[in-house]
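See below for start-v7.pdb, which holds PDB, C-alpha atoms and all ligand atoms.
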ATOM      1  CA  MET A   1      32.985 -48.833-115.890  1.00  0.00           C
ATOM      2  CA  LEU A   2      31.711 -46.924-112.839  1.00  0.00           C
ATOM      3  CA  SER A   3      35.102 -45.975-111.403  1.00  0.00           C
ATOM      4  CA  LYS A   4      36.031 -44.083-114.561  1.00  0.00           C
ATOM      5  CA  ASN A   5      33.310 -41.523-113.929  1.00  0.00           C
ATOM      6  CA  VAL A   6      33.240 -41.309-110.148  1.00  0.00           C
ATOM      7  CA  ASP A   7      35.050 -43.092-107.340  1.00  0.00           C
ATOM      8  CA  LEU A   8      32.421 -45.082-105.455  1.00  0.00           C
ATOM      9  CA  ASN A   9      34.860 -47.103-103.387  1.00  0.00           C
ATOM     10  CA  ASN A  10      34.273 -46.987 -99.609  1.00  0.00           C
ATOM     11  CA  THR A  11      30.875 -45.341 -99.890  1.00  0.00           C
ATOM     12  CA  VAL A  12      27.310 -46.227 -98.921  1.00  0.00           C
ATOM     13  CA  ILE A  13      25.056 -46.630-101.975  1.00  0.00           C
ATOM     14  CA  LEU A  14      21.248 -46.843-101.946  1.00  0.00           C
ATOM     15  CA  VAL A  15      19.752 -48.650-104.943  1.00  0.00           C
ATOM     16  CA  THR A  16      15.980 -48.395-105.379  1.00  0.00           C
ATOM     17  CA  GLY A  17      14.257 -50.982-107.535  1.00  0.00           C
ATOM     18  CA  ALA A  18      17.139 -53.332-106.734  1.00  0.00           C
ATOM     19  CA  ALA A  19      15.277 -56.484-107.805  1.00  0.00           C
ATOM     20  CA  GLY A  20      14.414 -54.952-111.175  1.00  0.00           C
ATOM     21  CA  PHE A  21      16.348 -55.103-114.429  1.00  0.00           C
ATOM     22  CA  VAL A  22      18.302 -51.863-114.054  1.00  0.00           C
ATOM     23  CA  GLY A  23      18.709 -51.970-110.274  1.00  0.00           C
ATOM     24  CA  ALA A  24      19.895 -55.583-110.073  1.00  0.00           C
ATOM     25  CA  ASN A  25      22.422 -55.060-112.869  1.00  0.00           C
ATOM     26  CA  LEU A  26      23.686 -51.933-111.124  1.00  0.00           C
ATOM     27  CA  VAL A  27      24.103 -53.842-107.852  1.00  0.00           C
ATOM     28  CA  MET A  28      25.975 -56.647-109.622  1.00  0.00           C
ATOM     29  CA  SER A  29      28.275 -54.147-111.352  1.00  0.00           C
ATOM     30  CA  LEU A  30      29.014 -52.476-108.032  1.00  0.00           C
ATOM     31  CA  LEU A  31      29.705 -55.811-106.339  1.00  0.00           C
ATOM     32  CA  SER A  32      32.190 -56.808-109.008  1.00  0.00           C
ATOM     33  CA  GLU A  33      33.894 -53.440-109.576  1.00  0.00           C
ATOM     34  CA  ALA A  34      33.780 -51.452-106.330  1.00  0.00           C
ATOM     35  CA  GLU A  35      35.580 -52.104-103.067  1.00  0.00           C
ATOM     36  CA  GLY A  36      34.537 -51.338 -99.510  1.00  0.00           C
ATOM     37  CA  THR A  37      31.046 -50.173-100.399  1.00  0.00           C
ATOM     38  CA  GLN A  38      27.908 -50.873 -98.437  1.00  0.00           C
ATOM     39  CA  ILE A  39      25.107 -51.361-100.946  1.00  0.00           C
ATOM     40  CA  ILE A  40      21.564 -51.046 -99.631  1.00  0.00           C
ATOM     41  CA  GLY A  41      18.857 -52.337-101.985  1.00  0.00           C
ATOM     42  CA  ILE A  42      15.173 -51.522-101.644  1.00  0.00           C
ATOM     43  CA  ASP A  43      12.404 -53.055-103.746  1.00  0.00           C
ATOM     44  CA  SER A  44       8.699 -53.725-103.258  1.00  0.00           C
ATOM     45  CA  VAL A  45       9.027 -56.794-105.523  1.00  0.00           C
ATOM     46  CA  ASN A  46       5.760 -55.940-107.234  1.00  0.00           C
ATOM     47  CA  ASP A  47       4.078 -58.341-109.674  1.00  0.00           C
ATOM     48  CA  TYR A  48       4.091 -56.121-112.756  1.00  0.00           C
ATOM     49  CA  TYR A  49       5.914 -59.095-114.321  1.00  0.00           C
ATOM     50  CA  ASP A  50       6.902 -62.529-113.020  1.00  0.00           C
ATOM     51  CA  VAL A  51       8.186 -62.198-109.449  1.00  0.00           C
ATOM     52  CA  ALA A  52      10.281 -65.357-109.944  1.00  0.00           C
ATOM     53  CA  LEU A  53      12.608 -63.352-112.174  1.00  0.00           C
ATOM     54  CA  LYS A  54      13.157 -60.807-109.389  1.00  0.00           C
ATOM     55  CA  ASP A  55      13.747 -63.583-106.847  1.00  0.00           C
ATOM     56  CA  TYR A  56      16.292 -65.105-109.239  1.00  0.00           C
ATOM     57  CA  ARG A  57      18.128 -61.776-109.557  1.00  0.00           C
ATOM     58  CA  LEU A  58      18.244 -61.384-105.771  1.00  0.00           C
ATOM     59  CA  GLN A  59      19.648 -64.935-105.475  1.00  0.00           C
ATOM     60  CA  GLN A  60      22.324 -64.068-108.039  1.00  0.00           C
ATOM     61  CA  ILE A  61      23.256 -60.999-105.999  1.00  0.00           C
ATOM     62  CA  ASP A  62      23.453 -63.061-102.783  1.00  0.00           C
ATOM     63  CA  GLU A  63      25.713 -65.527-104.603  1.00  0.00           C
ATOM     64  CA  MET A  64      28.016 -62.740-105.838  1.00  0.00           C
ATOM     65  CA  CYS A  65      28.353 -61.363-102.299  1.00  0.00           C
ATOM     66  CA  LYS A  66      30.283 -64.466-101.239  1.00  0.00           C
ATOM     67  CA  ASP A  67      33.284 -63.345-103.318  1.00  0.00           C
ATOM     68  CA  SER A  68      32.839 -59.598-103.024  1.00  0.00           C
ATOM     69  CA  LYS A  69      34.789 -56.954-101.101  1.00  0.00           C
ATOM     70  CA  ASN A  70      31.515 -55.106-100.561  1.00  0.00           C
ATOM     71  CA  THR A  71      28.493 -55.659 -98.341  1.00  0.00           C
ATOM     72  CA  TRP A  72      24.880 -56.008 -99.442  1.00  0.00           C
ATOM     73  CA  ILE A  73      21.691 -55.404 -97.477  1.00  0.00           C
ATOM     74  CA  PHE A  74      18.234 -55.894 -99.011  1.00  0.00           C
ATOM     75  CA  LYS A  75      14.998 -54.505 -97.636  1.00  0.00           C
ATOM     76  CA  LYS A  76      11.628 -55.390 -99.152  1.00  0.00           C
ATOM     77  CA  GLY A  77       9.415 -52.320 -99.161  1.00  0.00           C
ATOM     78  CA  ASN A  78       5.653 -51.956 -99.575  1.00  0.00           C
TER      79      ASN A  78
HETATM   80  N1  LIG B   1      14.956 -51.216-118.748  1.00  0.00           N
HETATM   81  C1  LIG B   1      15.319 -50.253-119.568  1.00  0.00           C
HETATM   82  O1  LIG B   1      15.890 -50.485-120.669  1.00  0.00           O
HETATM   83  C2  LIG B   1      15.104 -48.806-119.201  1.00  0.00           C
HETATM   84  C3  LIG B   1      15.519 -47.816-120.065  1.00  0.00           C
HETATM   85  C4  LIG B   1      15.336 -46.491-119.713  1.00  0.00           C
HETATM   86  C5  LIG B   1      14.718 -46.155-118.523  1.00  0.00           C
HETATM   87  N2  LIG B   1      14.296 -47.147-117.708  1.00  0.00           N
HETATM   88  C6  LIG B   1      13.641 -46.778-116.442  1.00  0.00           C
HETATM   89  O2  LIG B   1      14.418 -47.266-115.338  1.00  0.00           O
HETATM   90  C7  LIG B   1      13.543 -47.657-114.282  1.00  0.00           C
HETATM   91  C8  LIG B   1      13.765 -49.124-113.925  1.00  0.00           C
HETATM   92  O3  LIG B   1      13.528 -49.903-115.085  1.00  0.00           O
HETATM   93  P1  LIG B   1      13.612 -51.479-115.000  1.00  0.00           P
HETATM   94  O4  LIG B   1      13.650 -51.975-116.399  1.00  0.00           O
HETATM   95  O5  LIG B   1      14.684 -51.893-114.058  1.00  0.00           O
HETATM   96  O6  LIG B   1      12.175 -51.824-114.390  1.00  0.00           O
HETATM   97  P2  LIG B   1      11.786 -53.068-113.466  1.00  0.00           P
HETATM   98  O7  LIG B   1      10.300 -53.104-113.430  1.00  0.00           O
HETATM   99  O8  LIG B   1      12.523 -54.301-113.880  1.00  0.00           O
HETATM  100  O9  LIG B   1      12.349 -52.647-112.043  1.00  0.00           O
HETATM  101  C9  LIG B   1      11.735 -51.697-111.221  1.00  0.00           C
HETATM  102  C10 LIG B   1      11.696 -52.261-109.814  1.00  0.00           C
HETATM  103  O10 LIG B   1      11.193 -51.275-108.930  1.00  0.00           O
HETATM  104  C11 LIG B   1      10.350 -51.890-107.987  1.00  0.00           C
HETATM  105  N3  LIG B   1       9.422 -50.881-107.487  1.00  0.00           N
HETATM  106  C12 LIG B   1       8.410 -50.270-108.153  1.00  0.00           C
HETATM  107  N4  LIG B   1       7.793 -49.397-107.347  1.00  0.00           N
HETATM  108  C13 LIG B   1       8.429 -49.452-106.139  1.00  0.00           C
HETATM  109  C14 LIG B   1       8.247 -48.792-104.891  1.00  0.00           C
HETATM  110  N5  LIG B   1       7.286 -47.877-104.719  1.00  0.00           N
HETATM  111  N6  LIG B   1       9.089 -49.085-103.870  1.00  0.00           N
HETATM  112  C15 LIG B   1      10.073 -49.998-104.027  1.00  0.00           C
HETATM  113  N7  LIG B   1      10.283 -50.669-105.186  1.00  0.00           N
HETATM  114  C16 LIG B   1       9.469 -50.388-106.231  1.00  0.00           C
HETATM  115  C17 LIG B   1       9.667 -53.016-108.725  1.00  0.00           C
HETATM  116  O11 LIG B   1       9.252 -54.077-107.854  1.00  0.00           O
HETATM  117  C18 LIG B   1      10.756 -53.474-109.697  1.00  0.00           C
HETATM  118  O12 LIG B   1      11.476 -54.601-109.197  1.00  0.00           O
HETATM  119  C19 LIG B   1      12.119 -47.378-114.771  1.00  0.00           C
HETATM  120  O13 LIG B   1      11.737 -46.109-114.303  1.00  0.00           O
HETATM  121  C20 LIG B   1      12.261 -47.383-116.274  1.00  0.00           C
HETATM  122  O14 LIG B   1      11.270 -46.596-116.895  1.00  0.00           O
HETATM  123  C21 LIG B   1      14.481 -48.461-118.005  1.00  0.00           C
END

Target encoding structure tokens, full file:
Amino acid sequence: MLSKNVDLNNTVILVTGAAGFVGANLVMSLLSEAEGTQIIGIDSVNDYYDVALKDYRLQQIDEMCKDSKNTWIFKKGN
């Protein structure tokens, strides 16, 4: 999907709102489709809706990293 528009392999990618719906799905797409990327996720994990859903997404991402050719770093912001 992503590689058809732009080659993101071997790049550093910053994803804001990475625990949210759009951000987490973007991170998971990158983890499964890109190679050699360093993905940096930032999210304040606010409580606009249930935080448990965001924690679940971040757990899913951590799980995907075990089989990925990319690296993932998450920083919780304020
Ligand atoms: N979901 C959709 O279908 C859709 C469609 C079109 C546009 N958008 C837009 O895309 C963006 C993301 O949508 P979403 O559905 O993923 O929302 P979301 O609420 O699920 O995710 C947003 C994330 O950003 C984080 N966040 C908010 N303020 C922050 C800050 N100051 N610093 C760090 N993290 C912060 C929140 O904790 C949250 O996890 C929004 O601007 C939304 O309007 C969403």

Box along x, y and z, 5 Å on every side, all listed atoms of stretch 28-45 of chain A inside: centre and edge lengths in Å to one decimal, as lines of an AutoDock Vina configuration file.
center_x = 22.1
center_y = -53.5
center_z = -104.9
size_x = 36.9
size_y = 16.6
size_z = 22.9

Could the residues that lie within 9 Å of ligand LIG 1 (chain B), counting only C-alpha atoms and all ligand atoms, be listed as a list of chain:residue names? A:Thr16, A:Gly17, A:Ala18, A:Ala19, A:Gly20, A:Phe21, A:Val22, A:Gly23, A:Ala24, A:Asn25, A:Ile42, A:Asp43, A:Ser44, A:Val45, A:Asn46, A:Asp47, A:Tyr48, A:Tyr49, A:Val51, A:Lys54, A:Lys76, A:Gly77, A:Asn78

Polymer residues at most 12 Å from A:Asp62, only C-alpha atoms, same-chain spacing of 4 or more positions, as a PyMOL selection string: chain A and resi 19+24+27-28+31+39+41+55-58+66-68+70-74

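Every residue that the PyMOL selection byres (((chain A and resi 11) around 8) and not hetatm) selects in this file is listed here: Leu8, Asn9, Asn10, Val12, Ile13, Gly36, Thr37 and Gln38 of chain A.
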
Two-atom distance - atom CA of A:Val15, atom CA of A:Ser32 (Å): 15.4 Å

When you draw a straight line from atom CA of A:Glu63 to atom CA of A:Val6, how long is it in Å? 26.0 Å

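Closest approach to A:Lys75 among A:Ala52, A:Ala34, A:Ile40, A:Ile61 is made by A:Ile40 (distances from all atoms listed in the file).
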
Write stretch 52-63 of chain A as a PDB file, in the frame of the given file, completed to all heavy atoms.
ATOM      1  N   ALA A  52       9.210 -64.355-109.977  1.00  0.00           N
ATOM      2  CA  ALA A  52      10.281 -65.357-109.944  1.00  0.00           C
ATOM      3  C   ALA A  52      11.567 -64.803-110.553  1.00  0.00           C
ATOM      4  O   ALA A  52      12.664 -65.151-110.120  1.00  0.00           O
ATOM      5  CB  ALA A  52       9.845 -66.622-110.679  1.00  0.00           C
ATOM      6  N   LEU A  53      11.430 -63.944-111.543  1.00  0.00           N
ATOM      7  CA  LEU A  53      12.608 -63.352-112.174  1.00  0.00           C
ATOM      8  C   LEU A  53      13.324 -62.427-111.184  1.00  0.00           C
ATOM      9  O   LEU A  53      14.559 -62.418-111.107  1.00  0.00           O
ATOM     10  CB  LEU A  53      12.203 -62.583-113.433  1.00  0.00           C
ATOM     11  CG  LEU A  53      13.307 -61.902-114.232  1.00  0.00           C
ATOM     12  CD1 LEU A  53      14.431 -62.877-114.570  1.00  0.00           C
ATOM     13  CD2 LEU A  53      12.736 -61.277-115.496  1.00  0.00           C
ATOM     14  N   LYS A  54      12.562 -61.699-110.396  1.00  0.00           N
ATOM     15  CA  LYS A  54      13.157 -60.807-109.389  1.00  0.00           C
ATOM     16  C   LYS A  54      13.818 -61.620-108.276  1.00  0.00           C
ATOM     17  O   LYS A  54      14.912 -61.284-107.820  1.00  0.00           O
ATOM     18  CB  LYS A  54      12.094 -59.867-108.818  1.00  0.00           C
ATOM     19  CG  LYS A  54      11.484 -58.977-109.892  1.00  0.00           C
ATOM     20  CD  LYS A  54      10.428 -58.056-109.355  1.00  0.00           C
ATOM     21  CE  LYS A  54       9.831 -57.258-110.499  1.00  0.00           C
ATOM     22  NZ  LYS A  54       8.922 -56.206-110.053  1.00  0.00           N
ATOM     23  N   ASP A  55      13.146 -62.706-107.863  1.00  0.00           N
ATOM     24  CA  ASP A  55      13.747 -63.583-106.847  1.00  0.00           C
ATOM     25  C   ASP A  55      15.052 -64.175-107.369  1.00  0.00           C
ATOM     26  O   ASP A  55      16.035 -64.283-106.623  1.00  0.00           O
ATOM     27  CB  ASP A  55      12.773 -64.711-106.471  1.00  0.00           C
ATOM     28  CG  ASP A  55      11.581 -64.208-105.674  1.00  0.00           C
ATOM     29  OD1 ASP A  55      11.684 -63.119-105.065  1.00  0.00           O
ATOM     30  OD2 ASP A  55      10.545 -64.889-105.671  1.00  0.00           O
ATOM     31  N   TYR A  56      15.072 -64.544-108.631  1.00  0.00           N
ATOM     32  CA  TYR A  56      16.292 -65.105-109.239  1.00  0.00           C
ATOM     33  C   TYR A  56      17.426 -64.074-109.224  1.00  0.00           C
ATOM     34  O   TYR A  56      18.564 -64.401-108.875  1.00  0.00           O
ATOM     35  CB  TYR A  56      15.998 -65.558-110.670  1.00  0.00           C
ATOM     36  CG  TYR A  56      17.224 -66.021-111.419  1.00  0.00           C
ATOM     37  CD1 TYR A  56      17.856 -67.223-111.109  1.00  0.00           C
ATOM     38  CD2 TYR A  56      17.779 -65.227-112.429  1.00  0.00           C
ATOM     39  CE1 TYR A  56      19.000 -67.633-111.783  1.00  0.00           C
ATOM     40  CE2 TYR A  56      18.916 -65.625-113.108  1.00  0.00           C
ATOM     41  CZ  TYR A  56      19.531 -66.829-112.777  1.00  0.00           C
ATOM     42  OH  TYR A  56      20.665 -67.220-113.443  1.00  0.00           O
ATOM     43  N   ARG A  57      17.101 -62.834-109.581  1.00  0.00           N
ATOM     44  CA  ARG A  57      18.128 -61.776-109.557  1.00  0.00           C
ATOM     45  C   ARG A  57      18.680 -61.591-108.139  1.00  0.00           C
ATOM     46  O   ARG A  57      19.889 -61.441-107.956  1.00  0.00           O
ATOM     47  CB  ARG A  57      17.534 -60.454-110.054  1.00  0.00           C
ATOM     48  CG  ARG A  57      17.182 -60.441-111.530  1.00  0.00           C
ATOM     49  CD  ARG A  57      16.660 -59.050-111.883  1.00  0.00           C
ATOM     50  NE  ARG A  57      16.196 -58.964-113.248  1.00  0.00           N
ATOM     51  CZ  ARG A  57      14.999 -58.527-113.611  1.00  0.00           C
ATOM     52  NH1 ARG A  57      14.134 -58.128-112.693  1.00  0.00           N
ATOM     53  NH2 ARG A  57      14.662 -58.476-114.872  1.00  0.00           N
ATOM     54  N   LEU A  58      17.793 -61.576-107.155  1.00  0.00           N
ATOM     55  CA  LEU A  58      18.244 -61.384-105.771  1.00  0.00           C
ATOM     56  C   LEU A  58      19.105 -62.562-105.315  1.00  0.00           C
ATOM     57  O   LEU A  58      20.078 -62.368-104.571  1.00  0.00           O
ATOM     58  CB  LEU A  58      17.035 -61.201-104.843  1.00  0.00           C
ATOM     59  CG  LEU A  58      16.255 -59.893-105.060  1.00  0.00           C
ATOM     60  CD1 LEU A  58      14.952 -59.891-104.257  1.00  0.00           C
ATOM     61  CD2 LEU A  58      17.107 -58.671-104.685  1.00  0.00           C
ATOM     62  N   GLN A  59      18.802 -63.766-105.791  1.00  0.00           N
ATOM     63  CA  GLN A  59      19.648 -64.935-105.475  1.00  0.00           C
ATOM     64  C   GLN A  59      21.025 -64.785-106.113  1.00  0.00           C
ATOM     65  O   GLN A  59      22.047 -65.103-105.498  1.00  0.00           O
ATOM     66  CB  GLN A  59      18.993 -66.221-105.991  1.00  0.00           C
ATOM     67  CG  GLN A  59      17.830 -66.708-105.142  1.00  0.00           C
ATOM     68  CD  GLN A  59      17.084 -67.859-105.802  1.00  0.00           C
ATOM     69  OE1 GLN A  59      17.577 -68.499-106.728  1.00  0.00           O
ATOM     70  NE2 GLN A  59      15.869 -68.117-105.335  1.00  0.00           N
ATOM     71  N   GLN A  60      21.039 -64.293-107.356  1.00  0.00           N
ATOM     72  CA  GLN A  60      22.324 -64.068-108.039  1.00  0.00           C
ATOM     73  C   GLN A  60      23.171 -63.071-107.259  1.00  0.00           C
ATOM     74  O   GLN A  60      24.383 -63.253-107.117  1.00  0.00           O
ATOM     75  CB  GLN A  60      22.079 -63.508-109.447  1.00  0.00           C
ATOM     76  CG  GLN A  60      21.735 -64.531-110.504  1.00  0.00           C
ATOM     77  CD  GLN A  60      21.739 -63.878-111.868  1.00  0.00           C
ATOM     78  OE1 GLN A  60      21.078 -62.851-112.067  1.00  0.00           O
ATOM     79  NE2 GLN A  60      22.479 -64.447-112.799  1.00  0.00           N
ATOM     80  N   ILE A  61      22.544 -62.020-106.780  1.00  0.00           N
ATOM     81  CA  ILE A  61      23.256 -60.999-105.999  1.00  0.00           C
ATOM     82  C   ILE A  61      23.811 -61.615-104.720  1.00  0.00           C
ATOM     83  O   ILE A  61      24.983 -61.409-104.375  1.00  0.00           O
ATOM     84  CB  ILE A  61      22.321 -59.806-105.692  1.00  0.00           C
ATOM     85  CG1 ILE A  61      22.030 -59.033-106.977  1.00  0.00           C
ATOM     86  CG2 ILE A  61      22.953 -58.896-104.648  1.00  0.00           C
ATOM     87  CD1 ILE A  61      20.945 -57.971-106.836  1.00  0.00           C
ATOM     88  N   ASP A  62      22.980 -62.406-104.014  1.00  0.00           N
ATOM     89  CA  ASP A  62      23.453 -63.061-102.783  1.00  0.00           C
ATOM     90  C   ASP A  62      24.661 -63.943-103.081  1.00  0.00           C
ATOM     91  O   ASP A  62      25.620 -63.996-102.307  1.00  0.00           O
ATOM     92  CB  ASP A  62      22.333 -63.907-102.164  1.00  0.00           C
ATOM     93  CG  ASP A  62      21.288 -63.055-101.459  1.00  0.00           C
ATOM     94  OD1 ASP A  62      21.590 -61.880-101.155  1.00  0.00           O
ATOM     95  OD2 ASP A  62      20.181 -63.555-101.231  1.00  0.00           O
ATOM     96  N   GLU A  63      24.609 -64.639-104.209  1.00  0.00           N
ATOM     97  CA  GLU A  63      25.713 -65.527-104.603  1.00  0.00           C
ATOM     98  C   GLU A  63      26.988 -64.714-104.851  1.00  0.00           C
ATOM     99  O   GLU A  63      28.076 -65.103-104.420  1.00  0.00           O
ATOM    100  CB  GLU A  63      25.287 -66.279-105.873  1.00  0.00           C
ATOM    101  CG  GLU A  63      26.017 -67.570-106.144  1.00  0.00           C
ATOM    102  CD  GLU A  63      25.917 -68.592-105.014  1.00  0.00           C
ATOM    103  OE1 GLU A  63      24.835 -68.706-104.389  1.00  0.00           O
ATOM    104  OE2 GLU A  63      26.930 -69.227-104.750  1.00  0.00           O
TER     105      GLU A  63
END
